[in-house]
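Inspection log for the structure reproduced underneath, given as structure tokens.
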Amino acid sequence: MAKLKIGAIASGSGSNLEAIIKSCEDGILKTKASVEVLICNKAGAFCMERAKNHNIPYELIESDKFLHLPREEYDERMIKVLKKYNCDLIVLVGYMRLISKNLINAFNGNIMNIHPALLPAFKGLHAHRDVLEYGAKVSGCTVHFVDVESDHGPIIIQKCVPVYDTDTEATLGSRVLEWEHKIFPKAIELFCDKKLSIAGRLVIVDGDVNL
Ligand code: GRF
């Protein structure tokens with residue numbers, strides 16, 4: 001069976017990108033998927049180094065240079081690249097912007113995002129800080145399908161981790177990140193195996209999610 005073609009979009013370090021690439025090279029996605037292209041919106045972001053090191057083509061489409069454009073027009077540029085590489089599934093791996101309906105529709109809703117908290121709690125850009133300030137005793141991470149609202153679409157997998165009194169943003173962040181690197185490849189595997197169906201807000205997973 002043909003491998004699923006993944007297009008990745010990132011803004012930063014790209015450790016989730018790397019976890020997905022490694023799963024495709026030599027892990028649970030080895031026979032199932034490949035990362036075809038990375039789009040990055042931030043000049044100098046380390047995710048591009050990671051793509052380069054794995055011989056994955058990348059394109060920098062600097063969002064700061066297109067702030068005068070409506071989001072749809074910026075996203076058109078990304079759609080063009082992702083279509084050029086015939087991507088079947090788009091993964092947002094630390095992409096710090098909202099995406100337009102056009103982009104979602106261009107890939108029939110086959111777009112996933114990872115968020116470093118247990119949605120719908122602690123949405124937004126500072127999840128770990130917000131968790132600590134709130135005094136929550138658990139946090140975690142969420143992989144979900146993307147809709148036009150930020151951190152909002154139907155949830156595919158969540159993983160819970162404890163929050164300790166002594167935690168800092170950094171210690172909590174690294175505990176959560178370890179699981180991010182496992183649940184994102186797993187969600188992609190379930191997608192490849194056609195084990196995900198959506199009913200309203202509910203993602204029905206056919207079988208067990210063994211992590
Ligand atoms: C991750 O915590 C992800 O959940 C969030 O942004 C961070 C990106 O990290 N959306 P990385 O670039 O994958 O290392």
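Residue numbers start at 1 in each chain; chains themselves are named A, B, ... in the order of the structure tokens; ligands are numbered from 1 in the order shown.
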
Would you name the residues within 8 Å of ligand 1, counting only C-alpha atoms and all ligand atoms, and put them as a list in words?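 Going residue by residue within 8 Å of ligand 1, we get Ala10, Ser11, Gly12, Ser13, Gly14, Ser15, Asn16, Leu17, Glu18, Cys47, Leu92, Val93, Gly94, Tyr95, Met96, Asn113, Ile114, His115, Pro116, Ala117, Leu125, Cys141, Thr142, Gly173, Val176, Leu177 and Glu180 of chain A.
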
Using only N, CA and C atoms, please write the residues we just selected to a file, as a tab-separated table (two decimals), in the first residue's frame.
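Heads up, here's the output in out35.tsv:
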chain	number	residue	atom	x	y	z
A	10	ALA	N	5.63	24.26	10.81
A	10	ALA	CA	6.20	24.54	12.13
A	10	ALA	C	6.71	25.97	12.21
A	11	SER	N	6.86	26.43	13.46
A	11	SER	CA	7.40	27.78	13.69
A	11	SER	C	8.68	27.76	14.50
A	12	GLY	N	8.98	26.64	15.17
A	12	GLY	CA	10.04	26.71	16.17
A	12	GLY	C	11.06	25.60	16.11
A	13	SER	N	11.29	25.00	17.27
A	13	SER	CA	12.37	24.02	17.41
A	13	SER	C	12.15	22.74	16.60
A	14	GLY	N	10.92	22.29	16.53
A	14	GLY	CA	10.62	21.14	15.68
A	14	GLY	C	10.92	19.79	16.31
A	15	SER	N	10.89	19.70	17.66
A	15	SER	CA	11.15	18.38	18.24
A	15	SER	C	10.02	17.40	17.91
A	16	ASN	N	8.79	17.90	17.81
A	16	ASN	CA	7.69	17.02	17.39
A	16	ASN	C	7.86	16.60	15.94
A	17	LEU	N	8.33	17.53	15.12
A	17	LEU	CA	8.61	17.18	13.73
A	17	LEU	C	9.61	16.04	13.69
A	18	GLU	N	10.67	16.17	14.47
A	18	GLU	CA	11.72	15.15	14.47
A	18	GLU	C	11.19	13.80	14.96
A	47	CYS	N	13.63	24.05	13.33
A	47	CYS	CA	12.93	22.95	12.64
A	47	CYS	C	13.50	22.74	11.23
A	92	LEU	N	0.47	20.11	12.18
A	92	LEU	CA	0.95	21.38	12.73
A	92	LEU	C	1.81	21.01	13.94
A	93	VAL	N	3.11	21.22	13.78
A	93	VAL	CA	4.04	20.79	14.83
A	93	VAL	C	4.68	22.04	15.43
A	94	GLY	N	3.93	22.66	16.34
A	94	GLY	CA	4.43	23.90	16.91
A	94	GLY	C	4.29	25.05	15.93
A	95	TYR	N	3.15	25.10	15.23
A	95	TYR	CA	2.87	26.23	14.33
A	95	TYR	C	2.06	27.24	15.13
A	96	MET	N	2.62	28.42	15.32
A	96	MET	CA	2.06	29.37	16.28
A	96	MET	C	1.10	30.37	15.64
A	113	ASN	N	-3.15	18.85	14.99
A	113	ASN	CA	-2.32	19.76	15.79
A	113	ASN	C	-2.00	19.09	17.11
A	114	ILE	N	-0.88	19.52	17.71
A	114	ILE	CA	-0.57	19.06	19.07
A	114	ILE	C	-0.57	20.26	20.00
A	115	HIS	N	-1.19	20.06	21.17
A	115	HIS	CA	-1.22	21.14	22.16
A	115	HIS	C	-0.68	20.60	23.49
A	116	PRO	N	0.19	21.38	24.17
A	116	PRO	CA	0.83	20.85	25.38
A	116	PRO	C	0.01	21.04	26.65
A	117	ALA	N	-1.26	20.66	26.61
A	117	ALA	CA	-2.12	20.65	27.80
A	117	ALA	C	-3.33	19.78	27.47
A	125	LEU	N	-0.93	30.06	24.01
A	125	LEU	CA	0.51	29.98	23.78
A	125	LEU	C	1.33	29.69	25.04
A	141	CYS	N	-1.02	16.36	27.28
A	141	CYS	CA	-0.97	16.84	25.90
A	141	CYS	C	-2.12	16.25	25.10
A	142	THR	N	-2.42	16.92	24.00
A	142	THR	CA	-3.60	16.58	23.21
A	142	THR	C	-3.24	16.63	21.73
A	173	GLY	N	7.21	21.28	31.16
A	173	GLY	CA	7.26	21.24	29.70
A	173	GLY	C	7.99	20.02	29.18
A	176	VAL	N	5.87	16.85	29.67
A	176	VAL	CA	4.78	16.79	28.69
A	176	VAL	C	5.33	16.47	27.29
A	177	LEU	N	6.45	17.11	26.96
A	177	LEU	CA	7.01	16.95	25.60
A	177	LEU	C	7.36	15.49	25.29
A	180	GLU	N	4.32	14.08	24.12
A	180	GLU	CA	3.94	14.63	22.80
A	180	GLU	C	4.60	13.81	21.70

Lys65 of chain A: which residues within 10 Å, counting only C-alpha atoms, same-chain residues fewer than 5 positions away excluded, as a list of chain:residue names?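 Selected residues are A:Asn41, A:Lys42, A:Tyr74.
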
Rounded to one decimal place, report the atom CA of Ala45 of chain A-atom CA of Phe145 of chain A distance in Å. 24.4 Å

Within 10 Å of Lys186 of chain A, counting only C-alpha atoms, which residues qualify if same-chain residues fewer than 4 places away don't, as a list in words? Ile20, Ser23, Ile28, Leu29, Val143, Ile156, Ile157, Glu180, His181, Lys182, Leu190, Phe191, Cys192, Val209, Asn210 and Leu211 of chain A

Which residue of A:Ile183, A:Leu38, A:Val131, A:Ile155 approaches Ile198 of chain A most closely, using only C-alpha atoms: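 Result for the nearest residue to Ile198 of chain A: A:Ile155.
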
Can you list every residue in segment 24-162 of chain A that DSSP puts in alpha helix (DSSP H), as a CSV table (one decimal) with N, CA, C and O atoms, in the first residue's frame?
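What ended up in out-v5.csv:
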chain,number,residue,atom,x,y,z
A,24,CYS,N,8.7,7.7,11.0
A,24,CYS,CA,8.6,7.3,9.6
A,24,CYS,C,9.9,6.6,9.2
A,24,CYS,O,9.8,5.7,8.3
A,25,GLU,N,11.0,7.0,9.7
A,25,GLU,CA,12.3,6.4,9.2
A,25,GLU,C,12.4,5.0,9.8
A,25,GLU,O,12.9,4.1,9.1
A,26,ASP,N,12.1,4.9,11.1
A,26,ASP,CA,12.5,3.7,11.7
A,26,ASP,C,11.6,3.3,12.9
A,26,ASP,O,12.1,2.7,13.9
A,47,CYS,N,13.6,24.0,13.3
A,47,CYS,CA,12.9,23.0,12.6
A,47,CYS,C,13.5,22.7,11.2
A,47,CYS,O,13.5,21.6,10.7
A,48,MET,N,14.0,23.8,10.6
A,48,MET,CA,14.5,23.7,9.2
A,48,MET,C,15.8,22.9,9.2
A,48,MET,O,16.1,22.1,8.3
A,49,GLU,N,16.6,23.1,10.3
A,49,GLU,CA,17.9,22.3,10.4
A,49,GLU,C,17.5,20.8,10.5
A,49,GLU,O,18.2,20.0,10.0
A,50,ARG,N,16.5,20.5,11.3
A,50,ARG,CA,16.1,19.1,11.5
A,50,ARG,C,15.7,18.5,10.2
A,50,ARG,O,16.0,17.4,9.9
A,51,ALA,N,14.9,19.3,9.4
A,51,ALA,CA,14.4,18.8,8.1
A,51,ALA,C,15.7,18.5,7.3
A,51,ALA,O,15.8,17.4,6.6
A,52,LYS,N,16.6,19.5,7.2
A,52,LYS,CA,17.8,19.3,6.4
A,52,LYS,C,18.6,18.1,6.8
A,52,LYS,O,19.0,17.3,5.9
A,53,ASN,N,18.7,17.9,8.1
A,53,ASN,CA,19.5,16.7,8.6
A,53,ASN,C,18.9,15.4,8.1
A,53,ASN,O,19.6,14.4,8.1
A,71,ARG,N,-5.2,36.3,6.0
A,71,ARG,CA,-4.7,35.0,6.3
A,71,ARG,C,-4.9,34.0,5.1
A,71,ARG,O,-4.0,33.2,4.8
A,72,GLU,N,-6.1,34.1,4.5
A,72,GLU,CA,-6.4,33.2,3.3
A,72,GLU,C,-5.3,33.3,2.3
A,72,GLU,O,-4.9,32.3,1.7
A,73,GLU,N,-4.8,34.5,2.0
A,73,GLU,CA,-3.8,34.6,0.9
A,73,GLU,C,-2.5,34.1,1.4
A,73,GLU,O,-1.7,33.5,0.6
A,74,TYR,N,-2.1,34.3,2.6
A,74,TYR,CA,-0.9,33.7,3.2
A,74,TYR,C,-1.0,32.1,3.1
A,74,TYR,O,-0.1,31.5,2.6
A,75,ASP,N,-2.1,31.6,3.5
A,75,ASP,CA,-2.3,30.2,3.5
A,75,ASP,C,-2.3,29.6,2.1
A,75,ASP,O,-1.9,28.5,1.9
A,76,GLU,N,-2.8,30.4,1.1
A,76,GLU,CA,-2.7,29.9,-0.3
A,76,GLU,C,-1.3,29.5,-0.7
A,76,GLU,O,-1.1,28.6,-1.4
A,77,ARG,N,-0.3,30.3,-0.2
A,77,ARG,CA,1.1,30.0,-0.5
A,77,ARG,C,1.5,28.7,0.1
A,77,ARG,O,2.2,27.9,-0.5
A,78,MET,N,1.0,28.4,1.3
A,78,MET,CA,1.3,27.1,1.9
A,78,MET,C,0.6,26.0,1.2
A,78,MET,O,1.1,24.9,0.9
A,79,ILE,N,-0.7,26.2,0.8
A,79,ILE,CA,-1.5,25.2,0.1
A,79,ILE,C,-0.7,24.7,-1.2
A,79,ILE,O,-0.6,23.6,-1.5
A,80,LYS,N,-0.2,25.7,-1.9
A,80,LYS,CA,0.5,25.5,-3.2
A,80,LYS,C,1.6,24.5,-3.0
A,80,LYS,O,1.8,23.6,-3.7
A,81,VAL,N,2.4,24.8,-1.9
A,81,VAL,CA,3.6,23.9,-1.6
A,81,VAL,C,3.1,22.5,-1.2
A,81,VAL,O,3.6,21.5,-1.7
A,82,LEU,N,2.1,22.5,-0.3
A,82,LEU,CA,1.7,21.2,0.2
A,82,LEU,C,1.0,20.3,-0.9
A,82,LEU,O,1.2,19.1,-1.0
A,83,LYS,N,0.4,21.0,-1.9
A,83,LYS,CA,-0.2,20.3,-3.0
A,83,LYS,C,0.9,19.8,-4.0
A,83,LYS,O,0.8,18.7,-4.6
A,84,LYS,N,1.9,20.6,-4.1
A,84,LYS,CA,3.1,20.2,-5.0
A,84,LYS,C,3.6,18.9,-4.5
A,84,LYS,O,4.1,18.1,-5.3
A,101,LYS,N,-9.9,28.5,6.9
A,101,LYS,CA,-10.8,27.5,6.4
A,101,LYS,C,-10.4,26.9,5.1
A,101,LYS,O,-10.5,25.8,4.8
A,102,ASN,N,-9.8,27.8,4.2
A,102,ASN,CA,-9.3,27.4,2.9
A,102,ASN,C,-8.3,26.3,3.1
A,102,ASN,O,-8.3,25.3,2.3
A,103,LEU,N,-7.4,26.4,4.0
A,103,LEU,CA,-6.3,25.4,4.2
A,103,LEU,C,-7.0,24.1,4.7
A,103,LEU,O,-6.7,23.0,4.2
A,104,ILE,N,-7.9,24.2,5.6
A,104,ILE,CA,-8.6,23.0,6.2
A,104,ILE,C,-9.3,22.3,5.0
A,104,ILE,O,-9.2,21.1,4.9
A,105,ASN,N,-10.1,23.1,4.2
A,105,ASN,CA,-10.8,22.5,3.2
A,105,ASN,C,-10.0,21.9,2.1
A,105,ASN,O,-10.3,20.8,1.5
A,106,ALA,N,-8.8,22.5,1.8
A,106,ALA,CA,-7.9,22.0,0.8
A,106,ALA,C,-7.4,20.6,1.0
A,106,ALA,O,-7.1,19.9,0.1
A,127,ALA,N,0.6,27.5,27.8
A,127,ALA,CA,-0.1,26.4,28.6
A,127,ALA,C,0.6,26.1,29.9
A,127,ALA,O,-0.1,26.0,30.9
A,128,HIS,N,1.9,25.8,29.8
A,128,HIS,CA,2.5,25.4,31.1
A,128,HIS,C,2.5,26.4,32.2
A,128,HIS,O,2.2,26.2,33.3
A,129,ARG,N,2.8,27.7,31.8
A,129,ARG,CA,2.7,28.8,32.7
A,129,ARG,C,1.3,28.9,33.3
A,129,ARG,O,1.1,29.0,34.6
A,130,ASP,N,0.3,28.7,32.5
A,130,ASP,CA,-1.1,28.9,33.0
A,130,ASP,C,-1.5,27.7,33.9
A,130,ASP,O,-2.2,27.9,34.9
A,131,VAL,N,-1.0,26.5,33.6
A,131,VAL,CA,-1.3,25.3,34.4
A,131,VAL,C,-0.7,25.6,35.8
A,131,VAL,O,-1.3,25.3,36.8
A,132,LEU,N,0.6,26.0,35.9
A,132,LEU,CA,1.3,26.3,37.1
A,132,LEU,C,0.6,27.4,37.9
A,132,LEU,O,0.3,27.2,39.1
A,133,GLU,N,0.2,28.5,37.2
A,133,GLU,CA,-0.4,29.6,37.9
A,133,GLU,C,-1.8,29.2,38.5
A,133,GLU,O,-2.2,29.6,39.5
A,134,TYR,N,-2.4,28.3,37.8
A,134,TYR,CA,-3.8,27.9,38.2
A,134,TYR,C,-3.7,26.9,39.4
A,134,TYR,O,-4.7,26.7,40.1

For Ile39 of chain A, find every residue with an atom within 8 Å (counting only C-alpha atoms), except residues of its own chain fewer than 6 positions away, and show them as a PyMOL selection string. chain A and resi 7-10+58-61+78

Shell around Pro154 of chain A at 8 Å using only C-alpha atoms, local window under 5 positions removed, as a ChimeraX atom specification: /A:144-146,198,200-203

Could you write those residues out with N, CA, C and O atoms, as a short mmCIF file (atom, residue, chain, number, x, y, z; two decimals), in the first residue's frame?
data_model
loop_
_atom_site.label_atom_id
_atom_site.label_comp_id
_atom_site.auth_asym_id
_atom_site.auth_seq_id
_atom_site.Cartn_x
_atom_site.Cartn_y
_atom_site.Cartn_z
N HIS A 144 -5.26 16.72 18.21
CA HIS A 144 -6.64 16.90 17.76
C HIS A 144 -6.68 17.30 16.28
O HIS A 144 -5.69 17.82 15.74
N PHE A 145 -7.81 17.02 15.66
CA PHE A 145 -8.03 17.56 14.31
C PHE A 145 -8.23 19.07 14.44
O PHE A 145 -8.68 19.56 15.48
N VAL A 146 -7.90 19.76 13.37
CA VAL A 146 -7.89 21.22 13.43
C VAL A 146 -9.18 21.78 12.82
O VAL A 146 -9.65 21.30 11.79
N ILE A 198 -14.96 10.48 12.58
CA ILE A 198 -15.43 11.64 13.34
C ILE A 198 -16.94 11.70 13.33
O ILE A 198 -17.57 11.60 12.28
N GLY A 200 -19.40 14.41 14.80
CA GLY A 200 -19.51 15.70 15.51
C GLY A 200 -18.17 16.05 16.14
O GLY A 200 -17.16 16.09 15.48
N ARG A 201 -18.21 16.23 17.48
CA ARG A 201 -16.94 16.53 18.18
C ARG A 201 -16.16 15.27 18.54
O ARG A 201 -15.02 15.32 18.98
N LEU A 202 -16.81 14.13 18.37
CA LEU A 202 -16.20 12.89 18.86
C LEU A 202 -15.37 12.19 17.78
O LEU A 202 -15.86 11.94 16.67
N VAL A 203 -14.14 11.86 18.13
CA VAL A 203 -13.34 11.00 17.24
C VAL A 203 -13.47 9.59 17.78
O VAL A 203 -13.08 9.30 18.92
#
